[in-house]
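J.: If it helps, the file is called run23.pdb and holds PDB, C-alpha atoms, pLDDT in the B column:
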ATOM      1  CA  MET A 767      -0.344 -17.857 -11.344  1.00 86.00           C
ATOM      2  CA  MET A 768      -2.499 -16.767  -8.403  1.00 91.00           C
ATOM      3  CA  ARG A 769      -1.912 -18.888  -5.315  1.00 96.00           C
ATOM      4  CA  ALA A 770      -3.274 -16.669  -2.533  1.00 97.00           C
ATOM      5  CA  VAL A 771      -5.800 -13.901  -1.946  1.00 98.00           C
ATOM      6  CA  LEU A 772      -5.230 -11.137   0.588  1.00 98.00           C
ATOM      7  CA  PHE A 773      -8.149  -9.031   1.791  1.00 98.00           C
ATOM      8  CA  ASP A 774      -8.425  -5.653   3.421  1.00 98.00           C
ATOM      9  CA  LEU A 775     -10.637  -6.037   6.510  1.00 98.00           C
ATOM     10  CA  ASP A 776     -12.898  -3.000   7.041  1.00 97.00           C
ATOM     11  CA  GLY A 777     -15.117  -2.421   4.018  1.00 97.00           C
ATOM     12  CA  THR A 778     -13.839  -5.426   2.071  1.00 98.00           C
ATOM     13  CA  PHE A 779     -13.977  -8.591   4.158  1.00 98.00           C
ATOM     14  CA  ALA A 780     -16.337  -7.371   6.885  1.00 98.00           C
ATOM     15  CA  ASP A 781     -18.846  -4.568   7.304  1.00 98.00           C
ATOM     16  CA  THR A 782     -17.498  -3.016  10.506  1.00 98.00           C
ATOM     17  CA  ALA A 783     -19.236   0.346  10.074  1.00 98.00           C
ATOM     18  CA  PRO A 784     -22.138  -0.367  12.470  1.00 98.00           C
ATOM     19  CA  ASP A 785     -19.873  -1.043  15.451  1.00 98.00           C
ATOM     20  CA  LEU A 786     -17.525   1.842  14.704  1.00 97.00           C
ATOM     21  CA  GLY A 787     -20.542   4.117  14.448  1.00 97.00           C
ATOM     22  CA  ARG A 788     -21.821   2.631  17.696  1.00 97.00           C
ATOM     23  CA  ALA A 789     -18.631   3.749  19.488  1.00 98.00           C
ATOM     24  CA  VAL A 790     -19.138   7.330  18.283  1.00 98.00           C
ATOM     25  CA  ASN A 791     -22.734   7.334  19.454  1.00 98.00           C
ATOM     26  CA  ILE A 792     -21.857   5.933  22.875  1.00 98.00           C
ATOM     27  CA  MET A 793     -19.506   8.905  23.234  1.00 98.00           C
ATOM     28  CA  ARG A 794     -22.186  11.305  22.036  1.00 98.00           C
ATOM     29  CA  ALA A 795     -24.782   9.865  24.412  1.00 98.00           C
ATOM     30  CA  ALA A 796     -22.394  10.331  27.344  1.00 98.00           C
ATOM     31  CA  ARG A 797     -22.282  14.026  26.435  1.00 98.00           C
ATOM     32  CA  GLY A 798     -26.020  14.425  26.037  1.00 98.00           C
ATOM     33  CA  LEU A 799     -25.877  14.530  22.234  1.00 98.00           C
ATOM     34  CA  ASP A 800     -28.228  12.838  19.774  1.00 98.00           C
ATOM     35  CA  PRO A 801     -26.884   9.878  17.797  1.00 98.00           C
ATOM     36  CA  VAL A 802     -25.352  10.315  14.364  1.00 97.00           C
ATOM     37  CA  ALA A 803     -26.982   8.257  11.606  1.00 97.00           C
ATOM     38  CA  LEU A 804     -24.996   5.275  10.313  1.00 96.00           C
ATOM     39  CA  ALA A 805     -25.197   6.741   6.808  1.00 93.00           C
ATOM     40  CA  GLU A 806     -23.091   9.677   8.024  1.00 93.00           C
ATOM     41  CA  THR A 807     -20.354   7.636   9.683  1.00 95.00           C
ATOM     42  CA  ARG A 808     -20.282   4.773   7.162  1.00 94.00           C
ATOM     43  CA  SER A 809     -18.565   6.684   4.368  1.00 87.00           C
ATOM     44  CA  VAL A 810     -15.603   7.627   6.601  1.00 91.00           C
ATOM     45  CA  THR A 811     -15.183   4.212   8.224  1.00 93.00           C
ATOM     46  CA  SER A 812     -11.956   3.519   6.310  1.00 87.00           C
ATOM     47  CA  MET A 813     -10.417   6.624   7.885  1.00 89.00           C
ATOM     48  CA  GLY A 814     -10.699   5.115  11.362  1.00 91.00           C
ATOM     49  CA  ALA A 815     -10.833   7.302  14.471  1.00 95.00           C
ATOM     50  CA  ARG A 816      -9.829  10.401  12.528  1.00 95.00           C
ATOM     51  CA  GLY A 817     -12.800  10.159  10.181  1.00 95.00           C
ATOM     52  CA  LEU A 818     -15.311   9.034  12.777  1.00 97.00           C
ATOM     53  CA  LEU A 819     -14.402  11.695  15.330  1.00 98.00           C
ATOM     54  CA  GLY A 820     -14.543  14.216  12.519  1.00 97.00           C
ATOM     55  CA  VAL A 821     -18.136  13.288  11.730  1.00 96.00           C
ATOM     56  CA  GLY A 822     -19.168  12.731  15.330  1.00 97.00           C
ATOM     57  CA  PHE A 823     -17.593  15.799  16.891  1.00 98.00           C
ATOM     58  CA  GLY A 824     -16.269  18.013  14.095  1.00 97.00           C
ATOM     59  CA  MET A 825     -12.790  17.296  15.445  1.00 96.00           C
ATOM     60  CA  ASN A 826      -9.469  16.858  13.614  1.00 95.00           C
ATOM     61  CA  PRO A 827      -6.123  15.567  14.947  1.00 97.00           C
ATOM     62  CA  GLU A 828      -4.943  19.129  15.600  1.00 97.00           C
ATOM     63  CA  HIS A 829      -7.690  19.672  18.190  1.00 97.00           C
ATOM     64  CA  ALA A 830      -6.401  19.927  21.771  1.00 97.00           C
ATOM     65  CA  ASP A 831      -8.736  17.149  22.960  1.00 97.00           C
ATOM     66  CA  TYR A 832      -8.215  14.835  20.001  1.00 98.00           C
ATOM     67  CA  ALA A 833      -5.721  12.435  21.639  1.00 98.00           C
ATOM     68  CA  ALA A 834      -7.956  11.853  24.662  1.00 98.00           C
ATOM     69  CA  MET A 835     -11.077  11.520  22.529  1.00 98.00           C
ATOM     70  CA  ARG A 836      -9.318   9.078  20.213  1.00 98.00           C
ATOM     71  CA  GLU A 837      -8.278   6.842  23.115  1.00 98.00           C
ATOM     72  CA  GLU A 838     -11.816   6.954  24.528  1.00 98.00           C
ATOM     73  CA  PHE A 839     -13.200   6.018  21.126  1.00 98.00           C
ATOM     74  CA  LEU A 840     -10.759   3.128  20.689  1.00 98.00           C
ATOM     75  CA  GLN A 841     -11.476   1.730  24.153  1.00 98.00           C
ATOM     76  CA  ILE A 842     -15.230   1.815  23.571  1.00 98.00           C
ATOM     77  CA  TYR A 843     -14.794   0.186  20.177  1.00 98.00           C
ATOM     78  CA  GLU A 844     -12.550  -2.514  21.642  1.00 98.00           C
ATOM     79  CA  ASN A 845     -15.349  -3.355  24.077  1.00 97.00           C
ATOM     80  CA  ASN A 846     -17.917  -3.545  21.251  1.00 97.00           C
ATOM     81  CA  LEU A 847     -15.941  -5.092  18.399  1.00 97.00           C
ATOM     82  CA  CYS A 848     -18.475  -7.492  16.978  1.00 98.00           C
ATOM     83  CA  CYS A 849     -22.004  -6.558  18.037  1.00 98.00           C
ATOM     84  CA  ASP A 850     -23.316  -5.857  14.537  1.00 98.00           C
ATOM     85  CA  THR A 851     -20.232  -6.474  12.386  1.00 98.00           C
ATOM     86  CA  ARG A 852     -20.846  -9.094   9.700  1.00 98.00           C
ATOM     87  CA  LEU A 853     -19.051 -10.447   6.649  1.00 98.00           C
ATOM     88  CA  PHE A 854     -20.177  -8.757   3.467  1.00 98.00           C
ATOM     89  CA  PRO A 855     -22.712 -10.867   1.556  1.00 98.00           C
ATOM     90  CA  GLY A 856     -20.868 -13.422  -0.550  1.00 97.00           C
ATOM     91  CA  ILE A 857     -17.561 -13.305   1.361  1.00 98.00           C
ATOM     92  CA  ALA A 858     -18.222 -16.488   3.346  1.00 98.00           C
ATOM     93  CA  GLU A 859     -19.011 -18.358   0.140  1.00 97.00           C
ATOM     94  CA  LEU A 860     -15.928 -16.890  -1.540  1.00 98.00           C
ATOM     95  CA  VAL A 861     -13.665 -18.039   1.294  1.00 98.00           C
ATOM     96  CA  ASP A 862     -15.191 -21.528   1.221  1.00 98.00           C
ATOM     97  CA  ARG A 863     -14.537 -21.731  -2.501  1.00 97.00           C
ATOM     98  CA  LEU A 864     -10.963 -20.462  -2.191  1.00 97.00           C
ATOM     99  CA  GLU A 865     -10.218 -23.109   0.393  1.00 98.00           C
ATOM    100  CA  SER A 866     -11.867 -25.858  -1.644  1.00 97.00           C
ATOM    101  CA  ASP A 867      -9.774 -24.789  -4.638  1.00 95.00           C
ATOM    102  CA  GLY A 868      -6.575 -25.011  -2.594  1.00 96.00           C
ATOM    103  CA  LEU A 869      -5.957 -21.263  -2.447  1.00 96.00           C
ATOM    104  CA  ARG A 870      -4.779 -19.712   0.790  1.00 98.00           C
ATOM    105  CA  TRP A 871      -6.098 -16.381   1.972  1.00 98.00           C
ATOM    106  CA  GLY A 872      -5.262 -13.768   4.568  1.00 98.00           C
ATOM    107  CA  ILE A 873      -6.023 -10.324   5.938  1.00 99.00           C
ATOM    108  CA  VAL A 874      -3.895  -7.189   5.562  1.00 98.00           C
ATOM    109  CA  THR A 875      -5.459  -4.223   7.316  1.00 98.00           C
ATOM    110  CA  ASN A 876      -4.534  -0.849   8.765  1.00 97.00           C
ATOM    111  CA  LYS A 877      -6.548  -1.836  11.844  1.00 96.00           C
ATOM    112  CA  ALA A 878      -4.208  -2.391  14.791  1.00 96.00           C
ATOM    113  CA  GLU A 879      -3.660  -5.983  15.880  1.00 98.00           C
ATOM    114  CA  ARG A 880      -5.437  -5.281  19.198  1.00 98.00           C
ATOM    115  CA  PHE A 881      -8.656  -4.980  17.184  1.00 98.00           C
ATOM    116  CA  ALA A 882      -8.007  -7.066  14.063  1.00 98.00           C
ATOM    117  CA  LEU A 883      -7.046 -10.315  15.781  1.00 98.00           C
ATOM    118  CA  PRO A 884      -9.951 -10.529  18.256  1.00 98.00           C
ATOM    119  CA  LEU A 885     -12.394  -9.347  15.600  1.00 98.00           C
ATOM    120  CA  MET A 886     -11.343 -12.135  13.258  1.00 98.00           C
ATOM    121  CA  ARG A 887     -11.671 -14.605  16.153  1.00 98.00           C
ATOM    122  CA  GLN A 888     -15.179 -13.373  16.951  1.00 98.00           C
ATOM    123  CA  LEU A 889     -16.146 -13.626  13.288  1.00 98.00           C
ATOM    124  CA  GLY A 890     -14.906 -17.221  13.335  1.00 98.00           C
ATOM    125  CA  TYR A 891     -12.191 -16.834  10.703  1.00 98.00           C
ATOM    126  CA  ALA A 892      -8.951 -16.270  12.638  1.00 98.00           C
ATOM    127  CA  THR A 893      -7.764 -19.870  12.451  1.00 98.00           C
ATOM    128  CA  ARG A 894      -8.735 -20.184   8.795  1.00 98.00           C
ATOM    129  CA  ALA A 895      -6.702 -17.157   7.668  1.00 98.00           C
ATOM    130  CA  ALA A 896      -3.142 -17.970   6.632  1.00 98.00           C
ATOM    131  CA  CYS A 897      -2.060 -14.604   8.018  1.00 98.00           C
ATOM    132  CA  ILE A 898      -3.515 -11.542   9.721  1.00 98.00           C
ATOM    133  CA  ILE A 899      -1.345  -8.454   9.288  1.00 98.00           C
ATOM    134  CA  GLY A 900      -2.388  -5.362  11.245  1.00 98.00           C
ATOM    135  CA  GLY A 901      -1.487  -1.727  10.820  1.00 97.00           C
ATOM    136  CA  ASP A 902       1.126  -2.045  13.577  1.00 98.00           C
ATOM    137  CA  THR A 903       2.530  -5.445  12.589  1.00 98.00           C
ATOM    138  CA  THR A 904       5.364  -4.079  10.454  1.00 98.00           C
ATOM    139  CA  GLY A 905       5.662  -0.492  11.679  1.00 93.00           C
ATOM    140  CA  HIS A 906       4.163   0.708   8.390  1.00 98.00           C
ATOM    141  CA  MET A 907       0.587   1.167   7.237  1.00 97.00           C
ATOM    142  CA  LYS A 908      -0.914   1.080   3.770  1.00 98.00           C
ATOM    143  CA  PRO A 909      -0.287   2.630   1.272  1.00 98.00           C
ATOM    144  CA  HIS A 910       3.216   1.467   2.257  1.00 98.00           C
ATOM    145  CA  PRO A 911       3.832  -1.994   0.733  1.00 98.00           C
ATOM    146  CA  ALA A 912       5.506  -3.445   3.851  1.00 98.00           C
ATOM    147  CA  PRO A 913       2.344  -5.071   5.310  1.00 98.00           C
ATOM    148  CA  LEU A 914       1.594  -6.815   2.029  1.00 98.00           C
ATOM    149  CA  LEU A 915       5.182  -7.942   1.608  1.00 98.00           C
ATOM    150  CA  ALA A 916       5.084  -9.315   5.149  1.00 98.00           C
ATOM    151  CA  ALA A 917       1.973 -11.313   4.262  1.00 98.00           C
ATOM    152  CA  ALA A 918       3.646 -12.740   1.153  1.00 98.00           C
ATOM    153  CA  GLY A 919       6.638 -13.667   3.296  1.00 98.00           C
ATOM    154  CA  ILE A 920       4.476 -15.571   5.772  1.00 98.00           C
ATOM    155  CA  LEU A 921       2.805 -17.383   2.883  1.00 98.00           C
ATOM    156  CA  GLU A 922       6.248 -18.051   1.361  1.00 98.00           C
ATOM    157  CA  LEU A 923       5.028 -16.788  -1.989  1.00 98.00           C
ATOM    158  CA  PRO A 924       6.338 -14.160  -4.394  1.00 98.00           C
ATOM    159  CA  PRO A 925       4.152 -11.026  -4.268  1.00 98.00           C
ATOM    160  CA  ALA A 926       3.084 -11.563  -7.875  1.00 97.00           C
ATOM    161  CA  ALA A 927       1.414 -14.833  -6.833  1.00 97.00           C
ATOM    162  CA  CYS A 928      -0.839 -12.986  -4.364  1.00 98.00           C
ATOM    163  CA  ILE A 929      -3.778 -10.802  -5.289  1.00 97.00           C
ATOM    164  CA  TYR A 930      -4.859  -7.978  -2.975  1.00 98.00           C
ATOM    165  CA  VAL A 931      -8.493  -6.984  -2.618  1.00 98.00           C
ATOM    166  CA  GLY A 932      -9.529  -3.659  -1.094  1.00 98.00           C
ATOM    167  CA  ASP A 933     -12.109  -0.878  -0.963  1.00 97.00           C
ATOM    168  CA  ASP A 934      -9.805   2.143  -0.604  1.00 96.00           C
ATOM    169  CA  GLU A 935      -7.348   3.815  -2.940  1.00 97.00           C
ATOM    170  CA  ARG A 936      -4.616   3.188  -0.343  1.00 97.00           C
ATOM    171  CA  ASP A 937      -5.211  -0.555  -0.723  1.00 98.00           C
ATOM    172  CA  ILE A 938      -4.632  -0.455  -4.453  1.00 98.00           C
ATOM    173  CA  ALA A 939      -1.581   1.790  -4.102  1.00 98.00           C
ATOM    174  CA  ALA A 940      -0.088  -0.598  -1.535  1.00 98.00           C
ATOM    175  CA  GLY A 941      -0.767  -3.638  -3.698  1.00 98.00           C
ATOM    176  CA  LYS A 942       0.790  -2.050  -6.752  1.00 98.00           C
ATOM    177  CA  ALA A 943       3.840  -0.947  -4.739  1.00 98.00           C
ATOM    178  CA  ALA A 944       4.229  -4.514  -3.479  1.00 98.00           C
ATOM    179  CA  GLY A 945       4.083  -5.912  -7.023  1.00 98.00           C
ATOM    180  CA  MET A 946       0.723  -7.626  -6.578  1.00 98.00           C
ATOM    181  CA  PRO A 947      -2.288  -7.678  -8.877  1.00 97.00           C
ATOM    182  CA  THR A 948      -5.142  -5.774  -7.236  1.00 98.00           C
ATOM    183  CA  ILE A 949      -8.939  -5.847  -7.136  1.00 98.00           C
ATOM    184  CA  ALA A 950     -11.025  -2.876  -6.012  1.00 98.00           C
ATOM    185  CA  VAL A 951     -14.505  -3.604  -4.655  1.00 98.00           C
ATOM    186  CA  ARG A 952     -17.386  -1.218  -5.257  1.00 97.00           C
ATOM    187  CA  PHE A 953     -19.409  -2.684  -2.372  1.00 97.00           C
ATOM    188  CA  GLY A 954     -17.025  -1.215   0.242  1.00 96.00           C
ATOM    189  CA  TYR A 955     -16.763   2.205   1.870  1.00 95.00           C
ATOM    190  CA  LEU A 956     -14.645   3.843  -0.905  1.00 94.00           C
ATOM    191  CA  ASN A 957     -13.936   6.947   1.209  1.00 89.00           C
ATOM    192  CA  GLY A 958     -15.752   9.204  -1.245  1.00 89.00           C
ATOM    193  CA  SER A 959     -13.575   8.134  -4.167  1.00 94.00           C
ATOM    194  CA  ASN A 960     -14.241   6.298  -7.443  1.00 97.00           C
ATOM    195  CA  PRO A 961     -12.548   2.877  -7.620  1.00 98.00           C
ATOM    196  CA  ASP A 962     -12.458   3.097 -11.398  1.00 98.00           C
ATOM    197  CA  ASP A 963      -9.836   5.830 -10.988  1.00 98.00           C
ATOM    198  CA  TRP A 964      -7.444   3.890  -8.765  1.00 98.00           C
ATOM    199  CA  GLY A 965      -5.636   1.889 -11.422  1.00 98.00           C
ATOM    200  CA  ALA A 966      -6.580  -1.521 -10.009  1.00 98.00           C
ATOM    201  CA  THR A 967      -6.112  -4.644 -12.090  1.00 97.00           C
ATOM    202  CA  ALA A 968      -9.877  -5.154 -11.852  1.00 97.00           C
ATOM    203  CA  VAL A 969     -12.914  -3.527 -10.255  1.00 98.00           C
ATOM    204  CA  VAL A 970     -15.811  -5.707  -9.085  1.00 98.00           C
ATOM    205  CA  ASP A 971     -19.319  -5.274  -7.718  1.00 98.00           C
ATOM    206  CA  THR A 972     -19.585  -8.570  -5.834  1.00 97.00           C
ATOM    207  CA  PRO A 973     -17.344 -11.155  -4.132  1.00 96.00           C
ATOM    208  CA  ALA A 974     -18.401 -13.707  -6.752  1.00 94.00           C
ATOM    209  CA  GLU A 975     -16.660 -11.618  -9.396  1.00 96.00           C
ATOM    210  CA  ILE A 976     -13.427 -11.799  -7.395  1.00 94.00           C
ATOM    211  CA  LEU A 977     -13.375 -15.549  -7.920  1.00 90.00           C
ATOM    212  CA  GLN A 978     -13.845 -15.104 -11.661  1.00 88.00           C
ATOM    213  CA  HIS A 979     -10.772 -12.868 -11.905  1.00 87.00           C
ATOM    214  CA  ILE A 980      -8.688 -15.211  -9.775  1.00 85.00           C
ATOM    215  CA  HIS A 981      -9.461 -18.200 -11.972  1.00 79.00           C
ATOM    216  CA  GLN A 982      -8.583 -16.220 -15.091  1.00 76.00           C
ATOM    217  CA  ASP A 983      -5.023 -16.066 -13.717  1.00 66.00           C
ATOM    218  CA  ARG A 984      -4.713 -19.712 -12.710  1.00 63.00           C
TER
END
Take the structure from the file and write it as structure tokens.
T.:
Amino acid sequence: MMRAVLFDLDGTFADTAPDLGRAVNIMRAARGLDPVALAETRSVTSMGARGLLGVGFGMNPEHADYAAMREEFLQIYENNLCCDTRLFPGIAELVDRLESDGLRWGIVTNKAERFALPLMRQLGYATRAACIIGGDTTGHMKPHPAPLLAAAGILELPPAACIYVGDDERDIAAGKAAGMPTIAVRFGYLNGSNPDDWGATAVVDTPAEILQHIHQDR
């Protein structure tokens, strides 16, 4: 029986692409370069600095300047965490309904705690989440199951009683490895992949459909 819902953050719970793209364009402006359109950076948002610097500067982690550019990017992003970031349409209503139904919920993200915790505070949901697990909370990142198992431990629930919702194949792989049912969302970033191919328990188009699947298992 489902007793808790765990969400990925970027591309599932919140649309963070505008502010991540903003950080790239601040860097480009400082170098006299034109801005990159949000449509170009949005699809690689789930890849973090690696994907965004790749689009913004044609740079991969093997580049000699990558480490310095990555730190510059992260510092700019940290200073602009929640300018245009918003919950995806329907997520606020979903969370309200989960809470009214007595279901706990939390966040499990590959975003480092230095960004995830203040972002959730600025969105107004940090104190409502039963847990917020970052990419550096356990020393492992998804697709490793450790972050999800840590969340289940905090909730004092068996993994099978938690459902994990994400927009990236790594999310589904991590959930399956942790022994959790999984839901893939088509409204997220998807990283150029097809969620129907990930082997999730369910694939949905809207947050409202998430609730339907949860109640099927209650």
J.: Please tell me which residues are no farther than 10 Å from (-2.7, -4.2, 12.4) in the file, counting only C-alpha atoms, and write them as a PyMOL selection string.
T.: chain A and resi 873-883+898-907+913
J.: Apply the PyMOL selection byres ((chain A and resi 919-930) around 7) to the structure shown and report the selected residues as a PyMOL selection string.
T.: chain A and resi 767-773+897+915-918+931-932+941+944-949
J.: With C-alpha atoms retained, export the selected residues as a PDB file, keeping the file's coordinate frame.
T.:
ATOM      1  CA  MET A 767      -0.344 -17.857 -11.344  1.00 86.00           C
ATOM      2  CA  MET A 768      -2.499 -16.767  -8.403  1.00 91.00           C
ATOM      3  CA  ARG A 769      -1.912 -18.888  -5.315  1.00 96.00           C
ATOM      4  CA  ALA A 770      -3.274 -16.669  -2.533  1.00 97.00           C
ATOM      5  CA  VAL A 771      -5.800 -13.901  -1.946  1.00 98.00           C
ATOM      6  CA  LEU A 772      -5.230 -11.137   0.588  1.00 98.00           C
ATOM      7  CA  PHE A 773      -8.149  -9.031   1.791  1.00 98.00           C
ATOM      8  CA  CYS A 897      -2.060 -14.604   8.018  1.00 98.00           C
ATOM      9  CA  LEU A 915       5.182  -7.942   1.608  1.00 98.00           C
ATOM     10  CA  ALA A 916       5.084  -9.315   5.149  1.00 98.00           C
ATOM     11  CA  ALA A 917       1.973 -11.313   4.262  1.00 98.00           C
ATOM     12  CA  ALA A 918       3.646 -12.740   1.153  1.00 98.00           C
ATOM     13  CA  VAL A 931      -8.493  -6.984  -2.618  1.00 98.00           C
ATOM     14  CA  GLY A 932      -9.529  -3.659  -1.094  1.00 98.00           C
ATOM     15  CA  GLY A 941      -0.767  -3.638  -3.698  1.00 98.00           C
ATOM     16  CA  ALA A 944       4.229  -4.514  -3.479  1.00 98.00           C
ATOM     17  CA  GLY A 945       4.083  -5.912  -7.023  1.00 98.00           C
ATOM     18  CA  MET A 946       0.723  -7.626  -6.578  1.00 98.00           C
ATOM     19  CA  PRO A 947      -2.288  -7.678  -8.877  1.00 97.00           C
ATOM     20  CA  THR A 948      -5.142  -5.774  -7.236  1.00 98.00           C
ATOM     21  CA  ILE A 949      -8.939  -5.847  -7.136  1.00 98.00           C
TER      22      ILE A 949
END
J.: Identify which of the residues A:Leu804, A:Leu885, A:Leu819, A:Ile857 lies closest to Glu844 (chain A), counting all atoms listed in the file when measuring atom-to-atom distances.
T.: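 Of A:Leu804, A:Leu885, A:Leu819, A:Ile857, the one nearest Glu844 (chain A) is A:Leu885, counting all atoms listed in the file.
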J.: Could you tell me how far CA of Cys849 (chain A) sits from CA of Pro784 (chain A), in Å to one decimal place?
T.: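 Spanning CA of Pro784 (chain A) to CA of Cys849 (chain A) is a straight-line distance of 8.3 Å.
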J.: Evaluate the PyMOL selection byres ((chain A and resi 814) around 12) and record the selected residues as a PyMOL selection string, following the chain and residue labels used in the document.
T.: chain A and resi 776-777+782-783+785-787+789-790+807-813+815-821+827+836+839-840+843+875-878+881+901+955+957
J.: Go through A:Pro909, A:Leu977, A:Asp934, A:Asn960 one by one, measure the shortest atom-to-atom distance of each to Asp867 (chain A) using only C-alpha atoms, and give the residue with the smallest value.
T.: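 Of A:Pro909, A:Leu977, A:Asp934, A:Asn960, the one nearest Asp867 (chain A), counting only C-alpha atoms, is A:Leu977.
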J.: Tell me which protein, DNA and RNA residues are within 7 Å of Ala896 (chain A), counting all atoms listed in the file, leaving out same-chain ones fewer than 4 positions away, and put them as a ChimeraX atom specification.
T.: /A:870-872
J.: Which one of A:Arg788, A:Met886, A:Gln841, A:Ala940 sits closest to His910 (chain A) if you count all atoms listed in the file?
T.: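 Smallest separation from His910 (chain A) among the options: A:Ala940.
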